Structure formats: C-alpha cells, structure tokens
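Coordinates as given in query13.txt (compact mmCIF, C-alpha atoms):
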```
# COMPACT_ATOMS: atom_id res chain seq x y z
CA MET J 1 139.48 124.92 126.34
CA SER J 2 136.36 124.61 128.50
CA GLU J 3 134.61 126.67 125.81
CA MET J 4 134.54 123.56 123.62
CA ALA J 5 132.64 121.52 126.19
CA ASP J 6 130.22 124.38 126.74
CA ALA J 7 129.69 124.77 123.00
CA ILE J 8 129.00 121.04 122.55
CA ARG J 9 126.49 121.00 125.39
CA ALA J 10 124.77 124.17 124.15
CA LEU J 11 124.52 122.78 120.61
CA SER J 12 123.14 119.53 121.95
CA SER J 13 120.46 121.34 123.93
CA GLU J 14 119.52 123.76 121.14
CA LYS J 15 119.19 121.17 118.37
CA GLY J 16 117.94 118.32 120.50
CA ILE J 17 120.91 116.18 119.43
CA SER J 18 122.73 113.86 121.82
CA VAL J 19 126.12 114.93 123.18
CA ASP J 20 127.72 111.84 121.63
CA SER J 21 126.36 112.85 118.20
CA VAL J 22 127.81 116.35 118.54
CA ARG J 23 131.16 114.92 119.67
CA GLN J 24 131.17 112.56 116.69
CA THR J 25 130.45 115.52 114.43
CA VAL J 26 133.40 117.47 115.87
CA GLU J 27 135.64 114.45 115.33
CA ASN J 28 134.47 114.11 111.71
CA THR J 29 135.09 117.83 111.19
CA ILE J 30 138.69 117.55 112.36
CA LYS J 31 139.26 114.46 110.20
CA ALA J 32 137.83 116.26 107.17
CA ALA J 33 140.27 119.14 107.70
CA TYR J 34 143.11 116.66 108.27
CA LYS J 35 142.29 114.88 105.00
CA ARG J 36 142.16 118.18 103.14
CA THR J 37 145.65 118.99 104.43
CA PHE J 38 147.40 115.60 104.22
CA GLY J 39 145.36 113.78 101.56
CA THR J 40 144.04 111.04 103.84
CA SER J 41 142.42 110.68 107.26
CA GLU J 42 142.88 106.93 107.70
CA ASN J 43 145.77 107.47 110.11
CA CYS J 44 144.14 110.40 111.96
CA ILE J 45 143.26 109.87 115.62
CA VAL J 46 141.05 112.31 117.56
CA LYS J 47 140.87 112.05 121.32
CA PHE J 48 138.64 114.01 123.73
CA SER J 49 139.33 114.52 127.41
CA ASP J 50 136.80 113.00 129.79
CA ASN J 51 134.97 116.29 130.36
CA MET J 52 135.34 117.25 126.67
CA ASP J 53 137.14 120.51 127.47
CA ASN J 54 140.11 119.47 125.36
CA VAL J 55 140.71 117.60 122.10
CA THR J 56 144.00 116.26 120.74
CA VAL J 57 144.80 115.25 117.18
CA TYR J 58 147.34 112.53 116.40
CA ALA J 59 148.80 110.98 113.28
CA ARG J 60 149.75 107.32 113.21
CA LYS J 61 153.04 106.92 111.27
CA VAL J 62 155.53 104.17 110.52
CA VAL J 63 159.23 104.71 111.25
CA VAL J 64 161.31 104.32 108.04
CA ASP J 65 164.83 104.93 106.83
CA GLY J 66 164.03 107.24 103.95
CA VAL J 67 160.57 108.80 103.86
CA TYR J 68 158.47 108.23 100.73
CA ASP J 69 155.03 109.35 102.03
CA PRO J 70 155.29 112.05 104.74
CA SER J 71 151.62 111.67 105.64
CA GLN J 72 152.09 108.03 106.60
CA GLU J 73 155.82 107.77 107.41
CA ILE J 74 158.39 109.42 109.70
CA GLU J 75 162.17 109.45 109.31
CA LEU J 76 164.08 107.32 111.86
CA GLU J 77 166.18 110.25 113.01
CA GLU J 78 163.10 112.41 113.66
CA ALA J 79 161.34 109.55 115.42
CA GLN J 80 164.29 109.01 117.73
CA ARG J 81 164.15 112.66 118.75
CA ILE J 82 160.63 111.96 120.01
CA ASP J 83 161.39 108.50 121.39
CA ALA J 84 165.05 107.42 121.62
CA SER J 85 164.05 103.75 121.51
CA ALA J 86 162.29 104.06 118.13
CA SER J 87 163.50 101.78 115.35
CA VAL J 88 162.64 101.14 111.71
CA GLY J 89 159.22 99.46 111.35
CA ASP J 90 157.82 100.81 114.59
CA GLU J 91 154.45 102.54 114.56
CA MET J 92 154.24 105.84 116.39
CA VAL J 93 151.37 108.14 117.36
CA ILE J 94 152.53 111.70 116.80
CA PRO J 95 150.65 114.83 118.01
CA ILE J 96 149.44 117.20 115.26
CA ASP J 97 148.79 120.90 115.77
CA PRO J 98 145.35 121.70 114.22
CA HIS J 99 146.60 125.23 113.60
CA THR J 100 148.78 123.81 110.83
CA PHE J 101 145.63 123.00 108.81
CA GLY J 102 145.21 125.37 105.88
CA ARG J 103 142.27 127.75 105.49
CA SER J 104 140.70 125.58 102.83
CA ALA J 105 141.00 122.58 105.14
CA VAL J 106 139.24 124.45 107.94
CA PHE J 107 136.49 125.52 105.53
CA THR J 108 136.02 121.92 104.42
CA GLY J 109 135.79 120.85 108.05
CA LYS J 110 133.16 123.49 108.78
CA GLN J 111 131.10 122.37 105.81
CA THR J 112 131.28 118.77 106.97
CA ALA J 113 130.23 119.76 110.48
CA HIS J 114 127.35 121.89 109.26
CA GLN J 115 126.02 119.14 106.99
CA ALA J 116 126.40 116.46 109.65
CA LEU J 117 124.67 118.53 112.32
CA SER J 118 121.90 119.47 109.89
CA GLU J 119 121.25 115.81 109.04
CA SER J 120 121.34 114.82 112.70
CA PHE J 121 118.88 117.59 113.50
CA LYS J 122 116.53 116.43 110.73
CA ASP J 123 116.79 112.78 111.73
CA ASN J 124 116.06 113.68 115.32
CA LEU J 125 113.02 115.74 114.34
CA TYR J 126 111.79 113.04 111.99
CA ASN J 127 111.98 110.43 114.74
CA THR J 128 110.05 112.82 117.00
CA TYR J 129 107.25 113.43 114.50
CA LYS J 130 107.02 110.16 112.54
CA ASP J 131 104.43 108.78 114.97
CA ARG J 132 102.14 111.70 114.13
CA ILE J 133 101.38 110.44 110.62
CA GLY J 134 97.63 109.76 110.51
CA LYS J 135 96.94 112.02 113.48
CA ILE J 136 95.39 115.48 113.62
CA GLU J 137 97.64 118.48 114.21
CA THR J 138 96.56 122.02 115.02
CA GLY J 139 98.64 124.96 113.87
CA VAL J 140 98.50 128.64 112.99
CA TYR J 141 98.22 129.97 109.44
CA GLN J 142 101.46 131.80 108.60
CA ARG J 143 101.65 132.43 104.87
CA GLU J 144 100.37 131.35 101.47
CA ARG J 145 102.24 130.73 98.25
CA LYS J 146 100.51 129.82 94.98
CA GLY J 147 97.52 128.62 96.97
CA ASN J 148 99.60 126.39 99.24
CA ILE J 149 99.30 127.20 102.93
CA PHE J 150 102.18 127.08 105.42
CA VAL J 151 101.28 126.44 109.04
CA GLU J 152 103.34 126.94 112.20
CA LEU J 153 102.90 123.89 114.40
CA ASP J 154 105.14 124.10 117.45
CA GLY J 155 108.20 126.08 116.42
CA LYS J 156 110.26 123.07 115.31
CA ALA J 157 108.28 121.66 112.39
CA GLU J 158 106.45 123.37 109.58
CA GLY J 159 103.03 122.30 108.36
CA PHE J 160 102.37 122.33 104.62
CA LEU J 161 98.79 122.24 103.33
CA PRO J 162 98.91 121.95 99.51
CA VAL J 163 96.10 123.22 97.31
CA LYS J 164 94.99 119.67 96.40
CA ASN J 165 94.49 118.89 100.10
CA GLN J 166 92.26 121.91 100.75
CA SER J 167 88.47 121.81 100.58
CA PRO J 168 87.19 124.19 97.87
CA HIS J 169 84.91 126.15 100.22
CA GLU J 170 87.46 126.75 102.97
CA VAL J 171 89.17 130.14 103.29
CA PHE J 172 91.95 130.83 105.82
CA GLU J 173 93.56 134.10 106.81
CA LYS J 174 96.75 134.93 108.69
CA ASN J 175 96.79 133.69 112.30
CA ASP J 176 93.71 131.47 111.77
CA ARG J 177 93.71 128.13 113.55
CA VAL J 178 94.16 125.24 111.10
CA ARG J 179 93.37 121.61 111.94
CA ALA J 180 94.42 118.88 109.54
CA ILE J 181 95.58 115.28 109.44
CA VAL J 182 99.28 114.52 108.87
CA GLU J 183 99.59 112.71 105.55
CA LYS J 184 103.37 112.31 105.37
CA ILE J 185 106.65 113.91 106.49
CA ASN J 186 109.24 115.46 104.18
CA LYS J 187 112.81 116.49 104.97
CA THR J 188 113.67 120.02 103.79
CA PRO J 189 116.87 122.10 103.89
CA ALA J 190 115.46 123.92 106.92
CA GLY J 191 114.33 120.83 108.82
CA ILE J 192 111.20 118.77 108.31
CA GLN J 193 107.82 119.51 106.84
CA LEU J 194 104.54 117.84 107.81
CA VAL J 195 102.32 117.49 104.76
CA LEU J 196 98.75 118.09 105.91
CA SER J 197 95.34 117.26 104.46
CA ARG J 198 91.79 118.44 105.11
CA THR J 199 90.30 116.47 102.20
CA SER J 200 91.25 112.96 103.33
CA PRO J 201 88.40 110.66 104.45
CA ASP J 202 90.64 109.81 107.42
CA PHE J 203 90.40 113.44 108.52
CA VAL J 204 86.63 113.08 108.94
CA LYS J 205 87.15 109.76 110.71
CA LYS J 206 89.56 111.33 113.21
CA ILE J 207 87.26 114.31 113.82
CA LEU J 208 84.40 111.92 114.53
CA GLU J 209 86.63 109.96 116.89
CA SER J 210 87.39 113.13 118.85
CA GLU J 211 83.68 114.05 119.07
CA VAL J 212 82.10 110.62 119.62
CA THR J 213 83.27 108.81 122.74
CA GLU J 214 81.70 105.56 121.53
CA ILE J 215 84.04 105.59 118.51
CA ALA J 216 87.05 106.40 120.70
CA ASP J 217 86.33 103.46 123.04
CA GLY J 218 85.51 101.01 120.24
CA THR J 219 81.78 100.62 120.95
CA VAL J 220 81.00 102.15 117.56
CA VAL J 221 83.21 101.33 114.57
CA VAL J 222 83.57 103.45 111.44
CA GLN J 223 83.39 100.94 108.60
CA LYS J 224 84.14 103.37 105.77
CA VAL J 225 84.17 107.07 104.89
CA VAL J 226 83.80 108.49 101.37
CA ARG J 227 83.89 112.18 100.47
CA GLU J 228 83.54 114.78 97.83
CA PRO J 229 85.36 117.45 99.90
CA GLY J 230 83.38 120.61 100.49
CA TYR J 231 80.11 119.09 99.34
CA ARG J 232 79.14 115.77 100.93
CA THR J 233 80.51 112.94 103.06
CA LYS J 234 79.00 109.53 103.75
CA VAL J 235 80.00 107.57 106.84
CA ALA J 236 79.05 103.93 107.44
CA VAL J 237 79.12 102.83 111.08
CA TYR J 238 78.13 99.81 113.13
CA SER J 239 77.98 98.97 116.83
CA THR J 240 79.76 96.19 118.70
CA LYS J 241 76.96 96.23 121.30
CA GLN J 242 73.34 95.50 120.46
CA ASP J 243 71.98 98.14 122.83
CA VAL J 244 73.96 100.98 121.23
CA ASP J 245 72.58 102.76 118.16
CA PRO J 246 75.69 103.61 116.08
CA VAL J 247 74.01 106.34 114.03
CA GLY J 248 72.42 107.95 117.08
CA ALA J 249 75.75 107.92 118.92
CA CYS J 250 77.43 109.78 116.06
CA VAL J 251 74.63 112.31 115.64
CA GLY J 252 74.40 113.01 119.36
CA MET J 253 71.71 114.66 121.45
CA LYS J 254 69.85 117.16 119.26
CA GLY J 255 72.53 116.61 116.61
CA MET J 256 75.23 118.35 118.65
CA ARG J 257 78.03 115.93 117.87
CA ILE J 258 77.55 115.84 114.12
CA GLN J 259 77.07 119.63 114.04
CA ASN J 260 80.53 120.04 115.56
CA VAL J 261 81.96 117.92 112.77
CA ILE J 262 80.03 119.88 110.13
CA ARG J 263 81.37 123.16 111.51
CA GLU J 264 84.94 121.82 111.34
CA LEU J 265 84.30 120.94 107.68
CA TYR J 266 82.89 124.42 106.96
CA GLY J 267 79.31 123.27 106.34
CA GLU J 268 79.99 120.10 104.36
CA LYS J 269 76.93 117.80 104.42
CA ILE J 270 77.42 114.51 106.29
CA ASP J 271 75.28 111.38 106.02
CA VAL J 272 75.84 108.94 108.86
CA LEU J 273 74.29 105.56 108.07
CA LYS J 274 74.29 102.04 109.42
CA TYR J 275 76.59 99.46 107.85
CA ASP J 276 74.96 96.10 107.07
CA GLU J 277 76.56 92.90 105.80
CA ASP J 278 73.49 92.29 103.65
CA PRO J 279 74.15 94.24 100.43
CA HIS J 280 70.40 94.85 99.97
CA GLU J 281 70.19 96.71 103.29
CA PHE J 282 73.56 98.43 102.96
CA ILE J 283 72.73 99.80 99.51
CA LYS J 284 69.39 101.05 100.85
CA ASN J 285 71.13 102.81 103.71
CA SER J 286 73.90 104.22 101.53
CA LEU J 287 71.42 106.15 99.37
CA SER J 288 70.32 108.16 102.42
CA PRO J 289 68.64 110.62 102.71
CA ALA J 290 66.53 109.01 99.95
CA GLU J 291 64.03 106.31 100.94
CA VAL J 292 64.56 103.15 98.87
CA LYS J 293 61.68 100.71 98.45
CA ARG J 294 63.63 97.75 97.15
CA VAL J 295 67.12 96.68 96.06
CA VAL J 296 67.65 93.99 93.42
CA ILE J 297 71.07 92.32 93.00
CA GLN J 298 71.40 92.03 89.24
CA ASP J 299 74.98 90.73 88.99
CA ALA J 300 76.73 89.61 92.16
CA VAL J 301 79.99 88.82 90.35
CA HIS J 302 80.36 92.33 88.94
CA ARG J 303 78.58 93.85 91.96
CA GLU J 304 75.76 95.48 90.02
CA ALA J 305 72.46 96.33 91.70
CA LEU J 306 69.21 98.20 91.10
CA ALA J 307 67.61 100.51 93.66
CA ILE J 308 63.89 101.18 93.20
CA VAL J 309 62.41 104.39 94.62
CA ASP J 310 59.20 106.39 94.44
CA ASP J 311 59.04 109.23 91.93
CA SER J 312 59.31 111.75 94.76
CA GLN J 313 62.58 110.18 95.98
CA PHE J 314 64.33 109.82 92.63
CA SER J 315 66.05 113.22 92.53
CA ILE J 316 67.08 112.83 96.19
CA ALA J 317 68.60 109.39 95.53
CA ILE J 318 70.54 110.67 92.52
CA GLY J 319 71.58 113.92 94.20
CA LYS J 320 72.88 117.11 92.65
CA GLN J 321 74.87 116.21 89.54
CA GLY J 322 74.67 112.54 90.59
CA GLN J 323 76.63 113.16 93.76
CA ASN J 324 74.51 111.08 96.16
CA VAL J 325 74.42 107.90 94.08
CA ARG J 326 78.09 108.33 93.18
CA LEU J 327 79.11 108.43 96.83
CA ALA J 328 76.80 105.51 97.60
CA ASN J 329 78.57 103.46 94.94
CA LYS J 330 81.94 104.24 96.50
CA LEU J 331 80.71 103.48 99.99
CA CYS J 332 79.21 100.08 99.09
CA ASP J 333 81.68 99.24 96.35
CA TRP J 334 78.69 98.37 94.16
CA SER J 335 77.52 99.85 90.87
CA VAL J 336 74.00 100.97 91.79
CA ASN J 337 71.45 102.03 89.19
CA VAL J 338 68.46 103.99 90.50
CA LYS J 339 65.03 103.67 88.88
CA THR J 340 61.47 104.63 89.73
CA GLU J 341 58.73 102.01 89.97
CA ALA J 342 57.20 103.32 86.76
CA THR J 343 60.37 102.67 84.75
CA VAL J 344 61.20 99.23 86.17
CA THR J 345 60.71 96.22 83.86
CA GLU J 346 60.06 92.60 84.82
CA GLU J 347 63.60 91.76 83.71
CA ASP J 348 64.97 94.35 86.14
CA LEU J 349 63.31 92.58 89.06
CA ILE J 350 65.03 89.21 88.52
CA GLU J 351 67.64 88.47 91.20
CA VAL J 352 70.39 86.89 89.12
CA SER J 353 72.22 84.00 90.80
CA SER J 354 75.97 83.57 90.42
CA VAL J 355 78.92 81.64 91.71
CA LYS J 356 79.88 84.56 93.94
CA ALA J 357 76.39 84.80 95.34
CA ALA J 358 76.44 81.09 96.15
CA GLU J 359 79.83 81.41 97.81
CA LYS J 360 78.55 84.27 99.96
CA LEU J 361 75.48 82.24 100.85
CA PHE J 362 77.60 79.35 102.13
CA ALA J 363 80.44 81.45 103.60
CA ASP J 364 79.03 81.40 107.13
CA LEU J 365 78.11 77.69 107.19
CA PRO J 366 80.07 75.15 109.32
CA GLU J 367 83.33 73.86 107.83
CA ASN J 368 81.82 70.46 107.02
CA GLN J 369 78.98 72.07 105.08
CA ALA J 370 79.45 71.59 101.37
CA GLN J 371 79.71 74.59 99.06
CA PRO J 372 78.00 74.44 95.67
CA GLN J 373 80.20 73.49 92.73
CA VAL J 374 78.71 75.30 89.73
CA ALA J 375 80.14 74.91 86.26
CA GLU J 376 81.51 78.12 84.76
CA ASN J 377 79.45 77.81 81.61
CA GLU J 378 76.21 76.96 83.44
CA GLU J 379 73.38 79.32 82.66
CA ASP J 380 71.83 81.14 85.61
CA SER J 381 68.91 79.17 87.01
CA ASP J 382 66.93 78.77 90.21
CA ASP J 383 66.81 74.94 89.73
CA PHE J 384 69.09 72.48 91.50
CA VAL J 385 71.54 70.97 89.01
CA TYR J 386 74.26 69.52 91.22
CA VAL J 387 74.07 67.48 94.40
CA SER J 388 76.28 70.06 96.11
CA GLN J 389 73.54 72.68 95.61
CA LEU J 390 71.11 70.82 97.86
CA PRO J 391 70.66 72.72 101.14
CA GLY J 392 72.12 71.01 104.22
CA ILE J 393 74.20 68.37 102.43
CA ASP J 394 77.49 67.46 104.10
CA LYS J 395 80.73 67.96 102.17
CA ARG J 396 81.82 64.42 103.00
CA LEU J 397 78.71 63.05 101.34
CA VAL J 398 79.24 65.26 98.28
CA ASP J 399 82.80 63.95 97.94
CA LEU J 400 81.69 60.30 98.24
CA LEU J 401 78.98 60.79 95.61
CA ALA J 402 81.36 62.66 93.31
CA ALA J 403 83.88 59.80 93.56
CA ALA J 404 81.10 57.47 92.41
CA GLY J 405 80.20 59.77 89.51
CA LEU J 406 76.99 60.97 91.14
CA ASN J 407 77.70 64.68 91.52
CA ASP J 408 75.01 65.44 88.91
CA LEU J 409 71.56 65.71 90.54
CA GLU J 410 69.80 63.68 87.84
CA ALA J 411 72.30 60.82 88.16
CA PHE J 412 71.93 60.94 91.94
CA ILE J 413 68.13 60.66 91.74
CA GLN J 414 68.41 57.75 89.29
CA ALA J 415 70.82 55.93 91.62
CA SER J 416 68.45 56.52 94.52
CA ASP J 417 65.54 55.07 92.51
CA ASP J 418 67.31 51.96 91.22
CA GLY J 419 69.01 51.13 94.53
CA SER J 420 72.57 51.55 93.26
CA LEU J 421 73.07 54.42 95.73
CA ALA J 422 73.41 51.85 98.54
CA LYS J 423 76.42 50.38 96.76
CA VAL J 424 78.43 53.61 96.87
CA GLU J 425 81.60 52.94 98.86
CA GLY J 426 81.74 54.79 102.17
CA LEU J 427 78.01 55.48 102.56
CA THR J 428 76.49 54.14 105.78
CA GLU J 429 72.83 53.36 106.52
CA GLU J 430 72.63 56.65 108.36
CA ASP J 431 74.10 58.46 105.34
CA LEU J 432 71.52 56.87 103.03
CA ALA J 433 68.72 57.95 105.35
CA THR J 434 70.10 61.50 105.44
CA LEU J 435 70.35 61.67 101.64
CA ASP J 436 66.81 60.34 101.25
CA ARG J 437 65.51 63.01 103.64
CA ILE J 438 67.36 65.83 101.84
CA LEU J 439 66.07 64.61 98.50
CA LYS J 440 62.46 64.49 99.68
CA GLU J 441 62.66 67.92 101.32
CA ASN J 442 64.18 69.75 98.37
CA VAL J 443 63.37 67.96 95.11
CA GLU J 444 59.90 67.30 93.73
CA ILE J 445 59.65 64.52 91.16
CA VAL J 446 56.90 65.22 88.65
CA GLU J 447 55.21 62.53 86.58
CA GLU J 448 57.30 63.26 83.48
CA GLY J 449 60.37 62.34 85.54
CA GLU J 450 61.90 65.82 85.55
CA GLU J 451 63.37 67.34 88.74
CA GLU J 452 62.35 70.72 90.02
```
Starting from the coordinates I provided, produce the structure as structure tokens.
Amino acid sequence: MSEMADAIRALSSEKGISVDSVRQTVENTIKAAYKRTFGTSENCIVKFSDNMDNVTVYARKVVVDGVYDPSQEIELEEAQRIDASASVGDEMVIPIDPHTFGRSAVFTGKQTAHQALSESFKDNLYNTYKDRIGKIETGVYQRERKGNIFVELDGKAEGFLPVKNQSPHEVFEKNDRVRAIVEKINKTPAGIQLVLSRTSPDFVKKILESEVTEIADGTVVVQKVVREPGYRTKVAVYSTKQDVDPVGACVGMKGMRIQNVIRELYGEKIDVLKYDEDPHEFIKNSLSPAEVKRVVIQDAVHREALAIVDDSQFSIAIGKQGQNVRLANKLCDWSVNVKTEATVTEEDLIEVSSVKAAEKLFADLPENQAQPQVAENEEDSDDFVYVSQLPGIDKRLVDLLAAAGLNDLEAFIQASDDGSLAKVEGLTEEDLATLDRILKENVEIVEEGEEE
C-alpha cells in the first residue's frame, strides 16, 4: 500500500497543496463512496497509518437484538462472533472492506475527490497571487479570441487582457511580451485568471515608479493620473524635498525617463506637471502645454473657473477635440472654461466669494482662529458683514460677542462707539484693546456712518 503514500506526496508536490489537504480529500472521497453505498457517512471512520501507506475504513454500529437499520446496527449474535463480550447497547467499531462499495459509489467518490482537489488547487493559487493585484505582471502573448488577449504568465496562472482594457493603438502578435497591471483575479474551471489592464491610470503610475527612482523612494509623489488611453495622459506630481524638482525628476536627463514610459505606452503623449494646492496655479499647470495668463475662480462651491490665454495658445489649451481641457478638468476636479483675452468680459474677471472659499481660506489657521459664519442667503460681497469675517479675530471673542447679540458687524461697531462693548460678559481689558485694534485696521468709518 506504499503506492498510496507516494501518490499523496506526488499530488501534493504537483498541485502545490499541503499533504494534510490531500489526506483530507482522500478521507472525504472514501466517506462519499461509503454514503453512496450505505445511505449515510455519519458513522464512517477513516484512519491512516502514520506513514500514510495504509488506510482503514470502519463503521460505528450499535449492538441490538433485532436489526432495524443495518447501516447503523449489528445483531447481537454477529457482534459476539467479533467480540464475545459484546452485549445489547454496546457500540462497536467494525472494519469495512472498501471493495464492497459499488461502482456508482466509487464514481461518486472520485467526483468528490476531483472537485475537492480542484478547489484546493484554486484556493492555493489564489492565495499565491492575491498580493499581485495592483502590480505589474509581464507575460507572453498566447492567443486572441474576439479581441480579448490571453497571456501566459508563469505556467500556473493565465493572464486575461480584455478588449476594454487595451489601448486602441496597441497591436500584439503571438509570443510578444505583454506588460500590464493586475486589476483583479477570477477563479476558472482550469485554475485562476489574472484580469489585466493597460488602460488604467494606475498602470502609468506603476510604470513611472519603475523608471523614476525618486517616486520609488517617496521623494516625488504622484498626486493624480488621468488618461485618454492611446492619446494623452496627464500626471500631477510634487516633491517632499524643496531641492528636488518633481517634474524634472520624472522627465529625466534629456527626457530619457519619460521617453521610456512613452515607448511602453506605444507613443501616447504624456504631460508631467507640478501639483499645487492653490487652484489658480494648479489649473494653470494642468492646461500644459498651453501657457495660461490668468485663472479666475468664478464659483468655488461648484468648482468652476476661467482660464485666460493668448489667441495663439487657445487651440493648444483646448486640444484636439477638446482633449487637453477635458483631461485638465479631470486632473483638477474643476470645470474650467478657456477664453482668449479678446473674448473676456468684465463680469468674467470677478473672483466670486463663497462659503467654501472662505472655509478654504481659514482651513490652515490655528485652531483658536475663528472661521467666518456667512448666512446661506447672503449675496456675494467683498464687504465685511459679520464680526467673524474680520481677519485675525479669535474664535473665543466671536463666541462672546455672539452671546451678547453682537455677531453683526454694524451692531458691534455701534456697541464699540457707545461704550456698551465694555459691558459684554467675559471680555477683559486686553480683549477690548484687541477688538479696537482689529476694528481700526480693517474697517473704515465714513462720514455717513456706513462701514466699508
């Protein structure tokens, strides 16, 4: 019976499945055949020898005087022939000859074994490859079906590059090298299949990482990548060190690094530009290679902006079929309208204030710095309306004034003039001096008594 142990070890080595898993599969196979023969496997016991060169099958039965269920019970007389001391009610473990299993039972057992081993093989492969999701794999083009490409990776897993994940200008032939990013993993009847993509923005990001050492070590960070596969890609980058130019690092000496990326993408144009937290600068950069003279934020809430360019730069900023400005919009997450200086109106040039713009303005201030409280129905204006809008005012002071009903700027000025401000609970002499200074620095009182 040493052939069994050899077969288990060989199967384990071939499929990459643990010996214990194979042994469990053999046990389940025997129990499946037992159940097919006797109707149940609950009382079936399978035991392996220590070196797995032998397996014994037993049936657990109860000794009775008058058998009702032969699969679960054994007659007293028969039990006493096995063990003279047996008595009614005893439980006995009786050896079963597997050769007594019918042909259909053996077939059922084989099916169970095949299915179990197949699932174990797939699970093992999945666990091996699951960490490769989001990474680049290199394989060899094997065949094509309805435009979908099948790639041989390493003999164990198959790569699948669907039509939708292929760039329109790329053409592969048999035995060509194919590089792509792993998008997900599917289980198939034959094993597992790695779904690949060459159109994902992450593919460009990973290619850049492999070419640019500053990205790999974290000195340069890729903020965002947007693509129209086969035509143009825009990459926004920034540096974590002031002395490192992020764009220059990605382009490389004489453009060598970026040219390697372009070759991998079969000639797709790539714009590498600097990311900037200031939307004015970032929108300017995003419209590269066009030169933008000015950016006007028209609606900060809905993220709408106007980019003004010279006549000679207009077609470059828009791009072929609007491609350049469309990608810029995706990169910045702003809706950018491009106009020439000749077509710009005075209304276009007004930077419209908004609650969101005010929140952004105060986002980086210290925690005790008050943020402006602007009414939802307030019309856009450059004038100060609320005390909280005054630059440099402390949140604690705003809260004390609001509790006294002086959150409105006009009421605050009146209280300051008539001396009632000093009666506000919680305000110290130092606070009054601070408020007087802020008022003088930021609000001009004209003769008509109106604040500007």
Best match for closeness to Val261 (chain J) among J:Thr343, J:Thr56, J:Ser239, J:Thr233, counting all atoms listed in the file =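 Result for the nearest residue to Val261 (chain J): J:Thr233.
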- Task: Check the smallest atom-to-atom distance from each of J:Val178, J:Gly392, J:Val295, J:Asn127 to Glu441 (chain J) using only C-alpha atoms, then report the winner.
- Result: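 Between J:Val178, J:Gly392, J:Val295, J:Asn127, the residue approaching Glu441 (chain J) most closely is J:Gly392.
Closest to Glu268 (chain J) among J:Ala79, J:Val204, J:Ala300, J:Leu421 is J:Val204, based on all atoms listed in the file.
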Selection near Ser87 (chain J), 9 Å with only C-alpha atoms, sequence-local residues under 4 positions removed, as a list of chain:residue names: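 In the requested form, the answer reads J:Val63, J:Val64, J:Leu76, J:Ala79, J:Gln80.
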For the residues selected in the previous step, produce a file with C-alpha atoms as a PDB file, keeping the file's coordinate frame.
```pdb
ATOM      1  CA  VAL J  63     159.230 104.710 111.250  1.00  0.00           C
ATOM      2  CA  VAL J  64     161.310 104.320 108.040  1.00  0.00           C
ATOM      3  CA  LEU J  76     164.080 107.320 111.860  1.00  0.00           C
ATOM      4  CA  ALA J  79     161.340 109.550 115.420  1.00  0.00           C
ATOM      5  CA  GLN J  80     164.290 109.010 117.730  1.00  0.00           C
TER       6      GLN J  80
END
```
Using only C-alpha atoms, which protein or nucleic acid residues come within 10 Å of Val220 (chain J)? Drop anything in the same chain fewer than 5 positions from it, and give the result as number ranges by chain.
J: 209, 212-215, 237-241, 244-247, 249-250
Output of the above residues as a short mmCIF file (atom, residue, chain, number, x, y, z; two decimals), in the coordinates of the input, restricted to C-alpha atoms:
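Output contents, as saved in selection_26.cif:
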```cif
data_model
loop_
_atom_site.label_atom_id
_atom_site.label_comp_id
_atom_site.auth_asym_id
_atom_site.auth_seq_id
_atom_site.Cartn_x
_atom_site.Cartn_y
_atom_site.Cartn_z
CA GLU J 209 86.63 109.96 116.89
CA VAL J 212 82.10 110.62 119.62
CA THR J 213 83.27 108.81 122.74
CA GLU J 214 81.70 105.56 121.53
CA ILE J 215 84.04 105.59 118.51
CA VAL J 237 79.12 102.83 111.08
CA TYR J 238 78.13 99.81 113.13
CA SER J 239 77.98 98.97 116.83
CA THR J 240 79.76 96.19 118.70
CA LYS J 241 76.96 96.23 121.30
CA VAL J 244 73.96 100.98 121.23
CA ASP J 245 72.58 102.76 118.16
CA PRO J 246 75.69 103.61 116.08
CA VAL J 247 74.01 106.34 114.03
CA ALA J 249 75.75 107.92 118.92
CA CYS J 250 77.43 109.78 116.06
#
```
Counting only C-alpha atoms, closest pick from J:Ala415, J:Val344, J:Val46, J:Ile270 relative to Gly230 (chain J) is J:Ile270
If I take CA of Ala404 (chain J) and CA of Asn442 (chain J), how far is one from the other in Å, to one decimal?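 The value is 21.7 Å.
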